[in-house]
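Pasting model-v4.pdb here (PDB, C-alpha atoms):
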```
ATOM      1  CA  MET M  30       0.000   0.000   0.000
ATOM      2  CA  GLU M  31       1.302   3.431  -0.907
ATOM      3  CA  SER M  32       0.033   4.861   2.358
ATOM      4  CA  SER M  33       2.529   2.672   4.210
ATOM      5  CA  LYS M  34       5.347   4.730   2.710
ATOM      6  CA  GLY M  35       4.294   7.691   4.824
ATOM      7  CA  LYS M  36       2.826  11.070   4.001
ATOM      8  CA  GLY M  37       4.302  13.734   1.823
ATOM      9  CA  TRP M  38       5.947  11.823  -1.004
ATOM     10  CA  ILE M  39       5.473  13.553  -4.344
ATOM     11  CA  MET M  40       6.815  11.160  -6.964
ATOM     12  CA  LYS M  41       6.852   7.418  -7.552
ATOM     13  CA  GLN M  42       9.267   5.634  -9.881
ATOM     14  CA  THR M  43      10.396   2.091 -10.657
ATOM     15  CA  TRP M  44      14.095   1.561 -11.314
ATOM     16  CA  ASP M  45      14.842  -1.453 -13.535
ATOM     17  CA  ASP M  46      18.046  -3.250 -14.590
ATOM     18  CA  LEU M  47      20.163  -1.062 -12.346
ATOM     19  CA  LEU M  48      23.910  -1.456 -11.964
ATOM     20  CA  PHE M  49      26.044  -0.090  -9.133
ATOM     21  CA  LEU M  50      29.672   0.202 -10.257
ATOM     22  CA  HIS M  51      31.851   1.540  -7.430
ATOM     23  CA  TRP M  52      35.531   2.185  -6.829
ATOM     24  CA  PRO M  53      37.439   3.568  -3.809
ATOM     25  CA  VAL M  54      39.158   6.971  -3.774
ATOM     26  CA  ASP M  55      41.168   9.025  -1.319
ATOM     27  CA  ALA M  56      38.840  10.787   1.100
ATOM     28  CA  ALA M  57      40.812  14.040   1.270
ATOM     29  CA  TRP M  58      40.942  14.267  -2.519
ATOM     30  CA  LEU M  59      37.207  13.624  -2.804
ATOM     31  CA  GLN M  60      36.479  16.269  -0.166
ATOM     32  CA  SER M  61      38.110  18.820  -2.466
ATOM     33  CA  LEU M  62      35.432  18.073  -5.102
ATOM     34  CA  LEU M  63      32.504  18.591  -2.737
ATOM     35  CA  PRO M  64      30.715  21.748  -1.605
ATOM     36  CA  SER M  65      32.311  22.926   1.633
ATOM     37  CA  GLU M  66      29.011  22.466   3.484
ATOM     38  CA  LEU M  67      29.138  18.669   3.021
ATOM     39  CA  GLU M  68      31.585  16.164   4.503
ATOM     40  CA  VAL M  69      32.789  13.102   2.633
ATOM     41  CA  ASP M  70      31.448   9.849   4.083
ATOM     42  CA  THR M  71      33.832   6.906   4.381
ATOM     43  CA  PHE M  72      33.789   3.157   4.999
ATOM     44  CA  ASP M  73      36.902   1.854   6.791
ATOM     45  CA  GLY M  74      38.669   5.099   5.887
ATOM     46  CA  LEU M  75      37.930   4.982   2.161
ATOM     47  CA  ALA M  76      35.585   7.150   0.136
ATOM     48  CA  TRP M  77      33.715   5.728  -2.847
ATOM     49  CA  ILE M  78      32.444   6.973  -6.194
ATOM     50  CA  GLY M  79      29.818   5.151  -8.223
ATOM     51  CA  ILE M  80      28.482   5.065 -11.766
ATOM     52  CA  VAL M  81      24.862   3.924 -11.925
ATOM     53  CA  PRO M  82      23.018   3.170 -15.199
ATOM     54  CA  PHE M  83      19.356   2.115 -15.107
ATOM     55  CA  GLU M  84      15.942   2.398 -16.716
ATOM     56  CA  MET M  85      13.307   4.475 -14.921
ATOM     57  CA  ASN M  86       9.699   3.389 -15.490
ATOM     58  CA  ARG M  87       6.165   4.172 -14.358
ATOM     59  CA  ILE M  88       7.108   7.696 -13.335
ATOM     60  CA  ARG M  89       4.217   9.618 -11.856
ATOM     61  CA  PHE M  90       3.460  12.429  -9.467
ATOM     62  CA  ARG M  91       1.251  11.665  -6.484
ATOM     63  CA  GLY M  92      -2.414  11.970  -7.347
ATOM     64  CA  PHE M  93      -1.813  11.661 -11.087
ATOM     65  CA  PRO M  94      -1.552   8.650 -13.385
ATOM     66  CA  ALA M  95       1.616   7.889 -15.312
ATOM     67  CA  VAL M  96       1.725   9.625 -18.684
ATOM     68  CA  PRO M  97       2.692   7.046 -21.349
ATOM     69  CA  PHE M  98       5.081   9.247 -23.347
ATOM     70  CA  ALA M  99       6.717  10.724 -20.225
ATOM     71  CA  SER M 100       6.808   7.787 -17.807
ATOM     72  CA  ARG M 101       9.993   6.079 -19.018
ATOM     73  CA  LEU M 102      13.558   7.299 -19.394
ATOM     74  CA  LEU M 103      17.124   6.065 -19.186
ATOM     75  CA  GLU M 104      19.502   7.519 -16.635
ATOM     76  CA  LEU M 105      23.222   7.349 -15.922
ATOM     77  CA  ASN M 106      24.548   9.063 -12.828
ATOM     78  CA  VAL M 107      27.879   9.640 -11.113
ATOM     79  CA  ARG M 108      27.516   9.783  -7.345
ATOM     80  CA  THR M 109      29.312   9.678  -4.041
ATOM     81  CA  TYR M 110      28.421   9.503  -0.352
ATOM     82  CA  VAL M 111      28.423  12.391   2.077
ATOM     83  CA  ARG M 112      27.385  13.481   5.538
ATOM     84  CA  TYR M 113      25.716  16.589   6.835
ATOM     85  CA  GLY M 114      25.846  16.556  10.610
ATOM     86  CA  ASP M 115      24.612  13.119  11.660
ATOM     87  CA  LYS M 116      22.775  12.514   8.355
ATOM     88  CA  GLN M 117      24.222  10.284   5.630
ATOM     89  CA  GLY M 118      23.211  10.652   2.011
ATOM     90  CA  VAL M 119      24.029  10.676  -1.680
ATOM     91  CA  TYR M 120      25.614  13.540  -3.595
ATOM     92  CA  PHE M 121      25.407  13.589  -7.396
ATOM     93  CA  PHE M 122      28.186  14.927  -9.592
ATOM     94  CA  SER M 123      26.069  14.402 -12.716
ATOM     95  CA  LEU M 124      22.879  12.756 -13.927
ATOM     96  CA  ASP M 125      22.531  12.110 -17.654
ATOM     97  CA  ALA M 126      19.039  11.311 -18.914
ATOM     98  CA  SER M 127      17.357  10.533 -22.207
ATOM     99  CA  TYR M 128      14.229  12.724 -21.941
ATOM    100  CA  MET M 129      14.756  16.465 -22.366
ATOM    101  CA  PRO M 130      11.558  17.672 -20.624
ATOM    102  CA  GLY M 131      12.504  15.564 -17.601
ATOM    103  CA  VAL M 132      16.002  17.062 -17.623
ATOM    104  CA  PHE M 133      14.535  20.568 -17.774
ATOM    105  CA  ILE M 134      12.142  19.946 -14.877
ATOM    106  CA  ALA M 135      14.841  18.352 -12.700
ATOM    107  CA  ARG M 136      17.264  21.228 -13.306
ATOM    108  CA  LYS M 137      14.728  24.007 -12.739
ATOM    109  CA  ALA M 138      12.587  22.528  -9.977
ATOM    110  CA  PHE M 139      15.131  20.453  -8.042
ATOM    111  CA  HIS M 140      18.441  22.129  -9.008
ATOM    112  CA  LEU M 141      20.030  18.777  -9.753
ATOM    113  CA  PRO M 142      22.887  18.514 -12.304
ATOM    114  CA  TYR M 143      20.894  16.721 -14.995
ATOM    115  CA  PHE M 144      22.150  16.687 -18.583
ATOM    116  CA  LYS M 145      20.519  15.578 -21.815
ATOM    117  CA  ALA M 146      22.107  12.565 -23.477
ATOM    118  CA  ASP M 147      21.420  10.213 -26.357
ATOM    119  CA  MET M 148      20.970   6.862 -24.650
ATOM    120  CA  VAL M 149      20.215   3.312 -25.748
ATOM    121  CA  LYS M 150      19.492   0.234 -23.681
ATOM    122  CA  ARG M 151      19.192  -3.248 -25.125
ATOM    123  CA  LYS M 152      18.605  -6.410 -23.134
ATOM    124  CA  LYS M 153      19.218  -9.930 -24.378
ATOM    125  CA  SER M 154      18.515 -12.697 -21.928
ATOM    126  CA  GLN M 155      20.120 -11.339 -18.735
ATOM    127  CA  GLN M 156      22.735  -9.123 -20.373
ATOM    128  CA  VAL M 157      22.110  -5.361 -20.517
ATOM    129  CA  ASP M 158      23.860  -3.281 -23.185
ATOM    130  CA  PHE M 159      23.720   0.378 -22.098
ATOM    131  CA  SER M 160      25.241   3.351 -23.914
ATOM    132  CA  SER M 161      25.093   7.093 -23.338
ATOM    133  CA  SER M 162      26.502  10.112 -25.150
ATOM    134  CA  ARG M 163      25.973  13.513 -23.525
ATOM    135  CA  THR M 164      24.524  16.129 -25.892
ATOM    136  CA  HIS M 165      23.671  18.898 -23.418
ATOM    137  CA  LYS M 166      24.873  22.271 -24.712
ATOM    138  CA  GLY M 167      27.565  24.122 -22.808
ATOM    139  CA  VAL M 168      28.853  21.218 -20.700
ATOM    140  CA  ARG M 169      31.671  18.716 -20.993
ATOM    141  CA  GLU M 170      30.949  15.857 -23.379
ATOM    142  CA  ALA M 171      30.854  12.416 -21.807
ATOM    143  CA  THR M 172      30.348   9.000 -23.372
ATOM    144  CA  TYR M 173      29.783   5.696 -21.632
ATOM    145  CA  HIS M 174      29.134   2.216 -23.023
ATOM    146  CA  ILE M 175      28.872  -0.804 -20.756
ATOM    147  CA  LYS M 176      27.531  -4.348 -20.860
ATOM    148  CA  TYR M 177      26.517  -5.984 -17.593
ATOM    149  CA  GLN M 178      24.594  -8.940 -16.216
ATOM    150  CA  PRO M 179      23.892 -10.581 -12.857
ATOM    151  CA  THR M 180      25.985 -13.568 -11.805
ATOM    152  CA  SER M 181      24.344 -14.675  -8.547
ATOM    153  CA  GLU M 182      20.999 -15.216  -6.918
ATOM    154  CA  PRO M 183      19.357 -12.124  -5.329
ATOM    155  CA  TYR M 184      20.227 -11.325  -1.727
ATOM    156  CA  GLU M 185      19.696  -8.541   0.812
ATOM    157  CA  ALA M 186      22.793  -6.758   2.041
ATOM    158  CA  LYS M 187      23.425  -6.827   5.777
ATOM    159  CA  LYS M 188      23.774  -3.650   7.783
ATOM    160  CA  GLY M 189      27.429  -3.067   8.560
ATOM    161  CA  ASP M 190      28.652  -4.549   5.269
ATOM    162  CA  LEU M 191      30.109  -2.454   2.466
ATOM    163  CA  ASP M 192      27.409  -3.362  -0.061
ATOM    164  CA  PHE M 193      24.716  -2.160   2.383
ATOM    165  CA  TRP M 194      26.653   1.087   3.007
ATOM    166  CA  LEU M 195      26.955   1.743  -0.733
ATOM    167  CA  THR M 196      23.353   1.063  -1.688
ATOM    168  CA  GLU M 197      20.979   1.679   1.222
ATOM    169  CA  ARG M 198      20.748   5.471   1.316
ATOM    170  CA  ASP M 199      17.506   7.220   2.250
ATOM    171  CA  ARG M 200      18.283  10.812   1.224
ATOM    172  CA  LEU M 201      20.216  12.926  -1.227
ATOM    173  CA  PHE M 202      21.755  16.339  -0.687
ATOM    174  CA  ILE M 203      22.122  19.444  -2.800
ATOM    175  CA  VAL M 204      23.728  22.761  -1.856
ATOM    176  CA  ARG M 205      22.108  25.934  -3.143
ATOM    177  CA  ASN M 206      23.332  29.441  -2.327
ATOM    178  CA  GLY M 207      25.161  28.118   0.707
ATOM    179  CA  SER M 208      22.142  26.245   2.079
ATOM    180  CA  VAL M 209      21.988  22.453   2.371
ATOM    181  CA  LEU M 210      18.776  20.778   1.225
ATOM    182  CA  GLN M 211      17.833  17.131   1.519
ATOM    183  CA  GLY M 212      15.395  15.055  -0.484
ATOM    184  CA  LYS M 213      14.232  11.908   1.268
ATOM    185  CA  ILE M 214      13.888   8.632  -0.628
ATOM    186  CA  HIS M 215      12.110   5.420   0.303
ATOM    187  CA  HIS M 216      12.323   2.013  -1.323
ATOM    188  CA  ASP M 217      12.307  -1.571  -0.162
ATOM    189  CA  LYS M 218      15.710  -3.120   0.436
ATOM    190  CA  TRP M 219      17.611  -3.632  -2.774
ATOM    191  CA  PRO M 220      17.369  -7.168  -4.176
ATOM    192  CA  LEU M 221      21.082  -7.222  -4.995
ATOM    193  CA  GLN M 222      23.003  -9.624  -7.196
ATOM    194  CA  HIS M 223      26.689  -9.799  -7.958
ATOM    195  CA  ALA M 224      27.408  -8.677 -11.510
ATOM    196  CA  LYS M 225      29.829  -9.079 -14.397
ATOM    197  CA  THR M 226      30.652  -5.959 -16.414
ATOM    198  CA  ASP M 227      32.470  -5.015 -19.601
ATOM    199  CA  VAL M 228      33.173  -1.288 -20.006
ATOM    200  CA  LEU M 229      33.566  -0.687 -23.742
ATOM    201  CA  LEU M 230      33.924   3.106 -23.776
ATOM    202  CA  ASP M 231      34.300   5.580 -20.918
ATOM    203  CA  THR M 232      34.992   9.299 -20.857
ATOM    204  CA  LEU M 233      32.513   9.798 -18.023
ATOM    205  CA  SER M 234      34.869   8.835 -15.189
ATOM    206  CA  ASP M 235      37.894  10.799 -16.434
ATOM    207  CA  HIS M 236      37.847  13.274 -13.532
ATOM    208  CA  TYR M 237      36.875  10.861 -10.768
ATOM    209  CA  GLY M 238      39.932   8.686 -10.131
ATOM    210  CA  TYR M 239      38.497   5.564 -11.772
ATOM    211  CA  LYS M 240      40.296   2.377 -10.656
ATOM    212  CA  GLU M 241      39.323  -0.526 -12.893
ATOM    213  CA  ASP M 242      41.217  -3.091 -10.820
ATOM    214  CA  GLN M 243      39.333  -2.094  -7.634
ATOM    215  CA  VAL M 244      35.797  -1.921  -9.002
ATOM    216  CA  ILE M 245      32.985  -3.726  -7.217
ATOM    217  CA  THR M 246      29.600  -4.222  -8.872
ATOM    218  CA  HIS M 247      26.025  -4.994  -7.888
ATOM    219  CA  PHE M 248      22.938  -5.521 -10.048
ATOM    220  CA  SER M 249      19.295  -4.990  -9.092
ATOM    221  CA  GLU M 250      16.482  -6.102 -11.372
ATOM    222  CA  SER M 251      13.767  -3.787 -10.053
ATOM    223  CA  VAL M 252      12.821  -1.604  -7.098
ATOM    224  CA  THR M 253       9.966   0.885  -6.632
ATOM    225  CA  THR M 254      10.976   4.216  -5.179
ATOM    226  CA  TYR M 255       9.158   7.119  -3.521
ATOM    227  CA  LEU M 256      10.619  10.618  -3.404
ATOM    228  CA  TRP M 257       9.869  13.548  -1.111
ATOM    229  CA  PRO M 258      10.337  17.261  -1.930
ATOM    230  CA  PHE M 259      13.599  18.928  -0.946
ATOM    231  CA  GLU M 260      13.667  20.604   2.465
ATOM    232  CA  LYS M 261      16.240  22.948   3.916
ATOM    233  CA  VAL M 262      18.333  21.367   6.664
ATOM    234  CA  THR M 263      21.079  23.987   7.137
ATOM    235  CA  LYS M 264      21.663  24.544  10.833
TER
END
```

Before we go any further, please render this structure as structure tokens.
Amino acid sequence: MESSKGKGWIMKQTWDDLLFLHWPVDAAWLQSLLPSELEVDTFDGLAWIGIVPFEMNRIRFRGFPAVPFASRLLELNVRTYVRYGDKQGVYFFSLDASYMPGVFIARKAFHLPYFKADMVKRKKSQQVDFSSSRTHKGVREATYHIKYQPTSEPYEAKKGDLDFWLTERDRLFIVRNGSVLQGKIHHDKWPLQHAKTDVLLDTLSDHYGYKEDQVITHFSESVTTYLWPFEKVTK
């Protein structure tokens, strides 16, 4: 029941064929890339950056049905993990998406770094072939092409483990005019699977210390997500 998710959510989405591709980076270096209001979050002293491709389906605002031509898009984001006070959350460096009106709304209404990209996803059996080429005017070009597929049975990550720390986040942060805002997120626990990947082309991670030999990956077939409006949390 949607009511069990609590009051106040404004958007519902389903995320399908999602891949988490993470690698560790130096925490002090990563802090230099973040707004000064946010603090890098670490696991056993290491910070992490992730690339996350997925298909977003059944997008709708609360009280309205999904609109067929606007309820599906592809997304590819670059993210990391931060703290504000005692709150842990996600911080996005970029979010590329395939639907220009959605990009426009996200940039204007939520002040998130969304960029338009030409994107294609093909799925054959369990293998996903996902490619993205950024076309947004006035920003750095970025291309990414990856094939990935699950290699294990689904499982739920355990609290205290790295895979739980990387995936189970219930808020994201943005900084606007010196103020920190959070947007809460709710979804059931990720049905995670280990994954095999083949990165065919990548100019997306050029500035983020990508370490191919230290990458860890997780796949999730589908999860339904509820999002709340941003609220100011600056002390």

Could you build a table of the residues in stretch 39-77 of chain M lying no more than 9 Å from stretch 200-205 of chain M, giving for each the nearest pair of atoms and their separation in Å rounded to one decimal place, using all atoms listed in the file, ordered by chain and ascending residue number, as JSON lines?
```
{"residue": "M:Pro64", "atom": "CA", "partner": "M:Val204", "partner_atom": "CA", "distance": 7.1}
{"residue": "M:Glu66", "atom": "CA", "partner": "M:Val204", "partner_atom": "CA", "distance": 7.5}
{"residue": "M:Leu67", "atom": "CA", "partner": "M:Val204", "partner_atom": "CA", "distance": 8.4}
```

Interatomic distance, atom CA of M:Gln243 to atom CA of M:Ala224 (Å, one decimal):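 Pair atom CA of M:Gln243 / atom CA of M:Ala224 returns 14.2 Å.
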
Using 12 Å as the limit and counting all atoms listed in the file, can you tabulate each residue of stretch 158-183 of chain M that touches stretch 70-90 of chain M, with its shortest atom-to-atom distance in Å and the two atoms involved, as CSV?
```
residue,atom,partner,partner_atom,distance
M:Asp158,CA,M:Pro82,CA,10.3
M:Phe159,CA,M:Pro82,CA,7.5
M:Ser160,CA,M:Pro82,CA,9.0
M:Ser161,CA,M:Pro82,CA,9.3
M:Tyr173,CA,M:Pro82,CA,9.7
M:His174,CA,M:Pro82,CA,10.0
M:Ile175,CA,M:Pro82,CA,9.0
M:Lys176,CA,M:Pro82,CA,10.4
M:Tyr177,CA,M:Pro82,CA,10.1
```

Atom CA of M:Phe121 to atom CA of M:Ser251, straight-line distance in Å: 21.1 Å

Using the chain letters and numbering of this document, enumerate as a short mmCIF file (atom, residue, chain, number, x, y, z; two decimals) with C-alpha atoms, in the frame of the given file the residues selected by the PyMOL selection byres ((chain M and resi 222) around 9).
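Output file out_15.cif follows:
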```
data_model
loop_
_atom_site.label_atom_id
_atom_site.label_comp_id
_atom_site.auth_asym_id
_atom_site.auth_seq_id
_atom_site.Cartn_x
_atom_site.Cartn_y
_atom_site.Cartn_z
CA PRO M 179 23.89 -10.58 -12.86
CA THR M 180 25.98 -13.57 -11.80
CA SER M 181 24.34 -14.68 -8.55
CA GLU M 182 21.00 -15.22 -6.92
CA PRO M 183 19.36 -12.12 -5.33
CA TYR M 184 20.23 -11.32 -1.73
CA GLU M 185 19.70 -8.54 0.81
CA PRO M 220 17.37 -7.17 -4.18
CA LEU M 221 21.08 -7.22 -5.00
CA HIS M 223 26.69 -9.80 -7.96
CA ALA M 224 27.41 -8.68 -11.51
CA THR M 246 29.60 -4.22 -8.87
CA HIS M 247 26.02 -4.99 -7.89
CA PHE M 248 22.94 -5.52 -10.05
CA SER M 249 19.30 -4.99 -9.09
CA GLU M 250 16.48 -6.10 -11.37
#
```

For M:Arg198, the nearest of the candidates M:Arg169, M:Arg136, M:Arg112, M:Lys240, counting only C-alpha atoms: M:Arg112

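Between atom CA of M:Ala186 and atom CA of M:Val252 the interatomic distance comes to 14.5 Å.
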
Expansion of the PyMOL selection byres ((chain M and resi 146) around 9) into residues, as number ranges by chain: M: 104, 125-129, 144-145, 147-148, 161-165, 171-172

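Candidate residues M:Asp217, M:Asp199, M:Asp55, M:Glu170 were compared for distance to M:Asp235, and the nearest is M:Glu170, using all atoms listed in the file.
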
Residue with smallest distance to M:Leu141 - pool M:Tyr237, M:Trp52, M:Phe259, M:Trp44, counting only C-alpha atoms: M:Phe259

Grab all the atoms of stretch 77-91 of chain M that the file lists, wrap them in a box along x, y and z, add 8 Å per side, and give me centre plus edge lengths in Å (one decimal) as JSON.
```
{"center_x": 17.5, "center_y": 7.3, "center_z": -9.8, "size_x": 48.5, "size_y": 26.3, "size_z": 29.9}
```

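Using the PyMOL selection byres ((chain M and resi 216) around 7) on this structure selects Ile214, His215, Asp217, Lys218, Val252, Thr253, Thr254 and Tyr255 of chain M.
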
Minimum-distance residue to M:Ile245, chosen among M:Asp45, M:Asp115, M:Asp227, M:Asp192 (using only C-alpha atoms): M:Asp192
